[in-house]
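Peer 1: Sharing upload22.txt below, compact mmCIF, C-alpha atoms and all ligand atoms:
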```txt
# COMPACT_ATOMS: atom_id res chain seq x y z
CA MET A 21 38.34 -67.23 155.46
CA GLN A 22 40.41 -70.41 155.42
CA LEU A 23 43.52 -70.98 153.35
CA THR A 24 43.95 -74.58 152.24
CA ARG A 25 46.90 -76.16 150.48
CA THR A 26 45.52 -79.60 149.71
CA ILE A 27 42.66 -81.03 147.69
CA ALA A 28 41.67 -83.44 150.50
CA GLU A 29 41.36 -80.59 153.03
CA THR A 30 39.21 -78.64 150.57
CA TRP A 31 36.93 -81.61 149.91
CA ASP A 32 36.41 -82.01 153.67
CA LEU A 33 35.41 -78.37 154.11
CA LEU A 34 33.06 -78.43 151.12
CA ASP A 35 31.47 -81.77 152.10
CA ALA A 36 30.80 -80.39 155.58
CA ALA A 37 29.28 -77.21 154.13
CA ARG A 38 27.05 -79.10 151.69
CA ALA A 39 25.93 -81.45 154.50
CA GLN A 40 24.52 -78.33 156.19
CA GLY A 41 22.66 -77.37 153.03
CA GLN A 42 25.13 -74.65 152.03
CA ARG A 43 25.59 -73.78 148.37
CA VAL A 44 29.08 -73.60 146.94
CA GLY A 45 30.44 -70.98 144.55
CA LEU A 46 33.77 -71.61 142.81
CA VAL A 47 36.06 -68.91 141.38
CA PRO A 48 39.10 -70.42 139.63
CA THR A 49 42.01 -67.99 139.20
CA MET A 50 45.73 -67.91 138.55
CA GLY A 51 46.21 -65.27 141.26
CA PHE A 52 47.66 -61.76 141.03
CA LEU A 53 44.06 -60.73 141.52
CA HIS A 54 42.53 -57.46 140.35
CA ALA A 55 39.11 -55.85 140.40
CA GLY A 56 37.92 -58.25 137.67
CA HIS A 57 38.59 -61.26 139.91
CA ALA A 58 37.07 -59.43 142.89
CA SER A 59 33.88 -58.96 140.86
CA LEU A 60 33.72 -62.73 140.22
CA ILE A 61 34.15 -63.47 143.94
CA GLU A 62 31.50 -60.87 144.78
CA ALA A 63 29.09 -62.40 142.25
CA ALA A 64 29.74 -65.84 143.75
CA ALA A 65 29.20 -64.47 147.26
CA ALA A 66 25.88 -62.93 146.25
CA ASP A 67 24.51 -66.32 145.04
CA ASN A 68 26.12 -68.88 147.37
CA ASP A 69 27.05 -69.57 150.99
CA VAL A 70 30.57 -70.95 150.69
CA ILE A 71 32.93 -69.31 148.21
CA LEU A 72 35.96 -71.30 147.13
CA THR A 73 38.56 -69.25 145.26
CA THR A 74 41.43 -71.21 143.79
CA ILE A 75 44.82 -69.65 143.11
CA PHE A 76 46.99 -71.82 140.91
CA VAL A 77 49.31 -70.81 138.07
CA ASN A 78 48.67 -73.84 135.90
CA PRO A 79 51.83 -74.96 134.08
CA LEU A 80 49.81 -77.07 131.63
CA GLN A 81 48.34 -74.01 129.92
CA PHE A 82 51.67 -72.28 129.24
CA ALA A 83 53.78 -73.17 126.21
CA ALA A 84 57.55 -73.54 126.68
CA ASP A 85 58.21 -70.00 125.37
CA GLU A 86 55.52 -68.33 127.52
CA ASP A 87 55.75 -66.47 130.84
CA LEU A 88 55.15 -69.32 133.35
CA SER A 89 58.24 -68.73 135.49
CA ASP A 90 57.75 -64.99 135.79
CA TYR A 91 53.95 -64.92 135.75
CA PRO A 92 53.16 -62.32 138.46
CA ARG A 93 52.43 -63.77 141.89
CA ASP A 94 51.55 -62.15 145.25
CA LEU A 95 49.68 -64.50 147.57
CA ASP A 96 49.45 -62.13 150.56
CA ARG A 97 47.86 -59.42 148.45
CA ASP A 98 45.58 -61.99 146.78
CA LEU A 99 44.36 -63.21 150.17
CA GLU A 100 43.42 -59.65 151.17
CA ILE A 101 41.46 -59.22 147.93
CA CYS A 102 39.75 -62.60 148.44
CA ARG A 103 38.78 -61.72 151.99
CA ALA A 104 37.43 -58.28 151.06
CA ALA A 105 35.41 -59.69 148.15
CA GLY A 106 33.78 -62.41 150.27
CA ALA A 107 35.76 -65.62 149.67
CA THR A 108 35.42 -68.14 152.51
CA ILE A 109 37.96 -70.74 151.38
CA VAL A 110 41.08 -70.11 149.31
CA LEU A 111 42.81 -73.14 147.85
CA ALA A 112 46.38 -72.31 146.83
CA PRO A 113 47.89 -75.70 145.99
CA SER A 114 51.46 -76.44 144.94
CA VAL A 115 52.21 -77.83 141.49
CA ASP A 116 53.01 -81.18 143.19
CA GLU A 117 49.61 -81.20 144.88
CA MET A 118 47.82 -80.65 141.56
CA TYR A 119 50.13 -82.81 139.44
CA PRO A 120 51.82 -85.37 141.72
CA GLN A 121 52.83 -87.42 138.69
CA PRO A 122 53.22 -86.56 135.00
CA ILE A 123 49.67 -86.15 133.77
CA VAL A 124 48.64 -88.56 131.01
CA THR A 125 44.89 -87.92 131.19
CA THR A 126 43.84 -84.68 129.58
CA VAL A 127 40.61 -83.05 128.48
CA SER A 128 40.25 -81.53 125.05
CA VAL A 129 37.26 -79.55 123.81
CA ASP A 130 37.77 -80.02 120.10
CA GLU A 131 36.11 -77.44 117.91
CA LEU A 132 35.87 -74.58 120.37
CA SER A 133 39.61 -74.70 121.00
CA GLN A 134 40.71 -74.48 117.35
CA GLY A 135 40.40 -70.83 116.27
CA MET A 136 41.45 -67.50 117.82
CA GLU A 137 43.52 -68.16 120.99
CA GLY A 138 43.68 -71.86 120.08
CA ALA A 139 45.31 -71.04 116.74
CA GLN A 140 47.84 -68.72 118.44
CA ARG A 141 48.53 -71.00 121.40
CA PRO A 142 48.01 -74.59 120.19
CA THR A 143 48.44 -76.34 123.57
CA HIS A 144 46.81 -73.68 125.73
CA PHE A 145 43.20 -74.79 125.84
CA ASP A 146 43.91 -78.46 126.57
CA GLY A 147 45.82 -77.18 129.59
CA VAL A 148 42.91 -74.95 130.60
CA SER A 149 40.20 -77.60 130.15
CA THR A 150 42.26 -80.20 132.00
CA VAL A 151 42.91 -77.99 135.04
CA VAL A 152 39.33 -76.70 135.06
CA ALA A 153 38.09 -80.32 135.01
CA LYS A 154 40.29 -80.98 138.05
CA LEU A 155 39.02 -77.83 139.77
CA PHE A 156 35.42 -78.90 139.08
CA ASN A 157 36.18 -82.27 140.68
CA ILE A 158 37.61 -80.40 143.67
CA GLY A 159 34.65 -78.00 143.86
CA GLY A 160 31.98 -80.69 143.43
CA ARG A 161 28.40 -79.58 142.92
CA CYS A 162 28.65 -75.82 142.62
CA ARG A 163 28.24 -72.70 140.53
CA ALA A 164 31.49 -71.63 138.87
CA TYR A 165 32.23 -68.03 137.87
CA PHE A 166 34.34 -67.06 134.84
CA GLY A 167 35.01 -63.66 133.29
CA GLU A 168 33.84 -62.83 129.77
CA LYS A 169 37.25 -61.34 129.00
CA ASP A 170 38.42 -64.83 128.10
CA PHE A 171 35.33 -65.37 125.98
CA GLN A 172 36.62 -68.44 124.15
CA GLN A 173 37.66 -70.02 127.46
CA LEU A 174 34.18 -69.37 128.87
CA ALA A 175 32.50 -71.03 125.84
CA LEU A 176 34.84 -73.98 126.07
CA VAL A 177 34.31 -74.46 129.81
CA ARG A 178 30.53 -74.31 129.34
CA ARG A 179 30.71 -76.98 126.66
CA MET A 180 33.02 -79.18 128.71
CA ALA A 181 30.75 -78.97 131.78
CA SER A 182 27.79 -79.96 129.63
CA ASP A 183 29.52 -82.71 127.59
CA LEU A 184 31.06 -84.35 130.66
CA SER A 185 28.05 -83.82 133.02
CA PHE A 186 29.98 -81.93 135.65
CA PRO A 187 27.51 -80.92 138.39
CA VAL A 188 28.56 -77.32 137.83
CA GLU A 189 26.51 -74.38 136.64
CA ILE A 190 28.73 -71.98 134.69
CA VAL A 191 28.15 -68.27 135.29
CA GLY A 192 29.76 -65.78 132.87
CA CYS A 193 30.49 -62.33 134.34
CA PRO A 194 31.04 -59.00 132.56
CA ILE A 195 34.50 -57.63 131.84
CA VAL A 196 35.80 -55.12 134.39
CA ARG A 197 37.75 -52.26 132.79
CA GLU A 198 40.23 -49.58 133.68
CA ASP A 199 39.20 -45.93 133.20
CA ASN A 200 40.39 -45.90 129.58
CA GLY A 201 38.41 -49.04 128.75
CA LEU A 202 41.36 -51.44 128.96
CA ALA A 203 40.09 -54.85 130.11
CA MET A 204 41.58 -55.78 133.49
CA SER A 205 44.17 -58.53 133.30
CA SER A 206 46.98 -59.71 135.56
CA ARG A 207 49.31 -59.23 132.59
CA ASN A 208 48.51 -55.48 132.47
CA THR A 209 51.20 -55.22 135.12
CA TYR A 210 53.77 -55.66 132.31
CA LEU A 211 52.58 -52.43 130.59
CA SER A 212 54.41 -49.10 130.86
CA PRO A 213 52.18 -46.06 131.51
CA ASP A 214 52.34 -45.12 127.80
CA GLN A 215 51.46 -48.64 126.69
CA ARG A 216 48.60 -48.80 129.19
CA SER A 217 47.15 -45.62 127.81
CA ALA A 218 47.69 -46.73 124.18
CA ALA A 219 45.98 -50.06 124.92
CA GLY A 220 42.72 -48.18 125.46
CA VAL A 221 42.35 -48.25 121.66
CA LEU A 222 41.40 -51.93 121.82
CA ASN A 223 38.16 -51.28 123.63
CA ARG A 224 37.53 -48.03 121.73
CA SER A 225 37.80 -49.88 118.42
CA LEU A 226 35.36 -52.55 119.61
CA ARG A 227 32.84 -49.98 120.81
CA SER A 228 33.15 -48.16 117.52
CA ALA A 229 32.58 -51.44 115.65
CA VAL A 230 29.39 -52.00 117.63
CA ALA A 231 28.23 -48.47 116.79
CA LEU A 232 28.85 -49.25 113.11
CA ALA A 233 26.82 -52.47 113.35
CA GLU A 234 24.04 -50.70 115.21
CA ALA A 235 23.97 -48.05 112.49
CA GLY A 236 23.21 -50.85 109.99
CA GLU A 237 26.56 -52.22 108.75
CA ARG A 238 26.24 -56.00 108.41
CA ASP A 239 29.34 -56.91 106.38
CA ALA A 240 31.83 -58.56 108.75
CA HIS A 241 34.77 -57.61 106.51
CA VAL A 242 33.89 -53.91 106.75
CA VAL A 243 33.43 -54.05 110.52
CA ARG A 244 36.66 -56.01 110.97
CA GLN A 245 38.62 -53.57 108.78
CA HIS A 246 37.22 -50.68 110.83
CA VAL A 247 38.67 -52.23 114.00
CA LEU A 248 42.02 -52.91 112.30
CA ASP A 249 42.23 -49.33 110.97
CA MET A 250 41.57 -47.81 114.39
CA ILE A 251 44.21 -50.02 116.00
CA ALA A 252 46.72 -49.32 113.21
CA ALA A 253 46.54 -45.63 114.11
CA GLU A 254 48.03 -46.41 117.54
CA PRO A 255 51.77 -47.07 117.07
CA LEU A 256 52.36 -48.71 120.47
CA VAL A 257 49.82 -51.45 119.66
CA SER A 258 50.93 -54.22 117.25
CA VAL A 259 48.85 -55.46 114.35
CA PRO A 260 46.28 -57.70 116.11
CA ASP A 261 46.86 -61.46 116.04
CA TYR A 262 43.20 -61.70 115.12
CA VAL A 263 39.99 -59.73 115.06
CA ALA A 264 37.23 -62.35 114.88
CA ILE A 265 33.55 -61.69 114.35
CA VAL A 266 31.71 -64.77 115.55
CA ASP A 267 28.39 -66.17 116.63
CA ALA A 268 28.39 -65.65 120.41
CA ALA A 269 27.12 -69.17 121.17
CA THR A 270 29.02 -71.33 118.67
CA LEU A 271 32.07 -69.08 118.03
CA GLU A 272 31.56 -69.79 114.29
CA PRO A 273 33.00 -66.94 112.17
CA LEU A 274 30.30 -64.78 110.55
CA GLU A 275 30.33 -63.19 107.08
CA THR A 276 27.17 -61.28 107.85
CA LEU A 277 26.42 -59.88 111.29
CA ARG A 278 23.18 -61.25 112.67
CA GLY A 279 21.77 -62.45 116.00
CA ASP A 280 24.07 -62.49 119.02
CA VAL A 281 27.46 -61.44 117.69
CA ARG A 282 30.77 -61.27 119.52
CA ILE A 283 33.77 -59.36 118.24
CA ILE A 284 36.92 -60.80 119.79
CA LEU A 285 40.50 -59.63 119.38
CA ALA A 286 44.02 -60.15 120.66
CA ALA A 287 46.96 -57.81 120.15
CA GLN A 288 50.41 -57.42 121.56
CA VAL A 289 51.13 -54.19 123.41
CA GLY A 290 54.78 -54.17 124.43
CA ARG A 291 55.37 -57.46 126.20
CA PRO A 292 51.86 -58.82 126.90
CA ARG A 293 49.24 -60.04 124.45
CA LEU A 294 45.99 -58.41 125.48
CA LEU A 295 42.52 -59.85 124.84
CA ASP A 296 39.24 -58.02 124.59
CA ASN A 297 35.77 -58.60 123.19
CA ILE A 298 32.36 -57.04 122.96
CA GLY A 299 28.85 -58.31 122.24
CA VAL A 300 26.11 -56.87 120.08
CA SER A 301 22.60 -58.25 119.60
CA LEU A 302 21.17 -57.71 116.13
CA ALA A 303 18.08 -58.96 114.33
CA PRO A 304 18.44 -62.68 113.42
O1 LIG B 1 41.30 -67.67 133.39
C1 LIG B 1 42.21 -68.12 134.13
O2 LIG B 1 42.72 -67.45 135.01
C2 LIG B 1 42.69 -69.54 133.94
O3 LIG B 1 42.71 -69.90 132.60
C3 LIG B 1 41.89 -70.57 134.76
C4 LIG B 1 40.44 -70.65 134.33
C5 LIG B 1 41.96 -70.20 136.24
C6 LIG B 1 42.50 -71.97 134.59
O4 LIG B 1 43.84 -72.00 135.00
```
Turn the structure described in the file into structure tokens.
Peer 2:
Amino acid sequence: MQLTRTIAETWDLLDAARAQGQRVGLVPTMGFLHAGHASLIEAAAADNDVILTTIFVNPLQFAADEDLSDYPRDLDRDLEICRAAGATIVLAPSVDEMYPQPIVTTVSVDELSQGMEGAQRPTHFDGVSTVVAKLFNIGGRCRAYFGEKDFQQLALVRRMASDLSFPVEIVGCPIVREDNGLAMSSRNTYLSPDQRSAAGVLNRSLRSAVALAEAGERDAHVVRQHVLDMIAAEPLVSVPDYVAIVDAATLEPLETLRGDVRIILAAQVGRPRLLDNIGVSLAP
């Protein structure tokens, strides 16, 4: 496994690999890796020959009042996880390498970035789409692996790759969870043991909502209220910022559950906001 610090060095390695007919897998991350990231690298390693993992805490996607300066970082540990999961190149660039001058060219994926996380964090998704566009230009022709935990991000990245003809096939990968169902996230490190255990209600409420839908409930208001009621019973979890019931492909809010449905929520538990979602396929 090679650690690179510059874009030019990474291009050279990837060009050489592609010249030998090797296929490239790309796993963009912000580091502080966990089993969820490892599963993305493993999925990339199963389908490709060269696996580029990027580790970059992207300032553009943090608002001024968010946790950029103390976002958890541990490069040595990350490199061990990358190696064990099958990464072959790790690009860990500096902020100056990624943004040598104030950036005036940005990418915005209009509709998909409006609701849910976009409504809570108005500048977040432009920061994500801009850095992912840069990472796609670094990765070149490749398959890129993203977790379904950030479901809105995944939809937005898919649309951006298609709209802008990036030579990148987007692969969505299932959420990896802790024993109590809590979706893995680098920000889980901010949770106390009690909060971590309480946060299990997020996934329980989503699974219970799916059971309700599978038992025949089609009214989105009823299903949404069911999720809110379950979460309200857990005092360490705040009232969710949103519980959205949407079409899985378009992210359009649904009144009536039909077809491929995704239930997506975000709630604060102590310091971090935690995200989770679940899919259910119903008759159209
Ligand atoms: O999901 C993340 O970790 C980040 O949003 C990403 C895709 C690496 C862009 O910084």
Peer 1: Report, in Å to a single decimal, how far apart atom CA of Ala264 of chain A and atom CA of Gly236 of chain A are.
Peer 2: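 Atom CA of Ala264 of chain A lies at a distance of 18.8 Å from atom CA of Gly236 of chain A.
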Peer 1: Produce the centre coordinates and the three edge lengths, each in Å to one decimal, of the box along x, y and z that contains all listed atoms of segment 272-291 of chain A with 6 Å added on each side, as JSON.
Peer 2:
```
{"center_x": 38.6, "center_y": -62.0, "center_z": 116.6, "size_x": 45.6, "size_y": 27.6, "size_z": 31.1}
```
Peer 1: Please tabulate, as JSON lines, the residues of segment 23-76 of chain A that come within 7 Å of segment 199-216 of chain A, each with its closest pair of atoms and the distance in Å to one decimal, counting all atoms listed in the file and ordering rows by chain, then residue number upward.
Peer 2:
```
{"residue": "A:Phe52", "atom": "CA", "partner": "A:Ser206", "partner_atom": "CA", "distance": 5.9}
{"residue": "A:Leu53", "atom": "CA", "partner": "A:Ser206", "partner_atom": "CA", "distance": 6.7}
{"residue": "A:His54", "atom": "CA", "partner": "A:Ser206", "partner_atom": "CA", "distance": 6.9}
{"residue": "A:Gly56", "atom": "CA", "partner": "A:Met204", "partner_atom": "CA", "distance": 6.1}
```
Peer 1: Fewer than 5 positions away in the same chain doesn't count, so skip those; otherwise give me all residues within 12 Å of Val263 of chain A, counting all atoms listed in the file, as a short mmCIF file (atom, residue, chain, number, x, y, z; two decimals) with C-alpha atoms, keeping the file's coordinate frame.
Peer 2:
```cif
data_model
loop_
_atom_site.label_atom_id
_atom_site.label_comp_id
_atom_site.auth_asym_id
_atom_site.auth_seq_id
_atom_site.Cartn_x
_atom_site.Cartn_y
_atom_site.Cartn_z
CA GLY A 135 40.40 -70.83 116.27
CA MET A 136 41.45 -67.50 117.82
CA GLU A 137 43.52 -68.16 120.99
CA LEU A 222 41.40 -51.93 121.82
CA SER A 225 37.80 -49.88 118.42
CA LEU A 226 35.36 -52.55 119.61
CA ALA A 229 32.58 -51.44 115.65
CA ALA A 240 31.83 -58.56 108.75
CA HIS A 241 34.77 -57.61 106.51
CA VAL A 242 33.89 -53.91 106.75
CA VAL A 243 33.43 -54.05 110.52
CA ARG A 244 36.66 -56.01 110.97
CA GLN A 245 38.62 -53.57 108.78
CA HIS A 246 37.22 -50.68 110.83
CA VAL A 247 38.67 -52.23 114.00
CA LEU A 248 42.02 -52.91 112.30
CA ASP A 249 42.23 -49.33 110.97
CA ILE A 251 44.21 -50.02 116.00
CA PRO A 273 33.00 -66.94 112.17
CA LEU A 274 30.30 -64.78 110.55
CA ARG A 282 30.77 -61.27 119.52
CA ILE A 283 33.77 -59.36 118.24
CA ILE A 284 36.92 -60.80 119.79
CA LEU A 285 40.50 -59.63 119.38
CA ALA A 286 44.02 -60.15 120.66
CA ALA A 287 46.96 -57.81 120.15
CA LEU A 295 42.52 -59.85 124.84
CA ASP A 296 39.24 -58.02 124.59
CA ASN A 297 35.77 -58.60 123.19
CA ILE A 298 32.36 -57.04 122.96
#
```
Peer 1: Throw together the list of residues within 6 Å of ligand LIG 1 (chain B), counting only C-alpha atoms and all ligand atoms, and drop it here as a PyMOL selection string.
Peer 2: chain A and resi 48-50+78+148+152
Peer 1: Take atom CA of Val177 of chain A and atom CA of Ser149 of chain A and report the distance between them in Å, one decimal.
Peer 2: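 Atom CA of Ser149 of chain A lies at a distance of 6.7 Å from atom CA of Val177 of chain A.
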Peer 1: Find, counting only C-alpha atoms, the residue in A:Gln140, A:Ser258, A:Thr270, A:Thr108 that gets nearest to Leu174 of chain A.
Peer 2: A:Thr270
Peer 1: Do you know which residues are at most 7 Å from Gln42 of chain A counting only C-alpha atoms, after dropping those on the same chain fewer than 2 positions away, and could you put them as a VMD selection string?
Peer 2: chain A and resid 37 to 38 40 44 69 to 70
Peer 1: What does the distance between atom CA of Tyr91 of chain A and atom CA of Gly299 of chain A come to in Å, to one decimal place?
Peer 2: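 Computed distance, atom CA of Tyr91 of chain A to atom CA of Gly299 of chain A, equals 29.3 Å.
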Peer 1: Mind checking which residues fall within 9 Å of Leu155 of chain A, counting all atoms listed in the file, ignoring those fewer than 3 positions away in the same chain, and posting them as a PyMOL selection string?
Peer 2: chain A and resi 46+48+74+150-152+158-160
Peer 1: Please produce a file of those selected residues containing C-alpha atoms, as a PDB file, keeping the file's coordinate frame.
Peer 2:
```
ATOM      1  CA  LEU A  46      33.770 -71.610 142.810  1.00  0.00           C
ATOM      2  CA  PRO A  48      39.100 -70.420 139.630  1.00  0.00           C
ATOM      3  CA  THR A  74      41.430 -71.210 143.790  1.00  0.00           C
ATOM      4  CA  THR A 150      42.260 -80.200 132.000  1.00  0.00           C
ATOM      5  CA  VAL A 151      42.910 -77.990 135.040  1.00  0.00           C
ATOM      6  CA  VAL A 152      39.330 -76.700 135.060  1.00  0.00           C
ATOM      7  CA  ILE A 158      37.610 -80.400 143.670  1.00  0.00           C
ATOM      8  CA  GLY A 159      34.650 -78.000 143.860  1.00  0.00           C
ATOM      9  CA  GLY A 160      31.980 -80.690 143.430  1.00  0.00           C
TER      10      GLY A 160
END
```
Peer 1: Quick one: residues within 8 Å of Phe82 of chain A, only C-alpha atoms counted, chain neighbours fewer than 3 positions away excluded, as a count of residues only?
Peer 2: 9
Peer 1: Which is closest to Tyr165 of chain A among A:Leu95, A:Ala139, A:Ala66, A:Leu302, if we use all atoms listed in the file?
Peer 2: A:Ala66
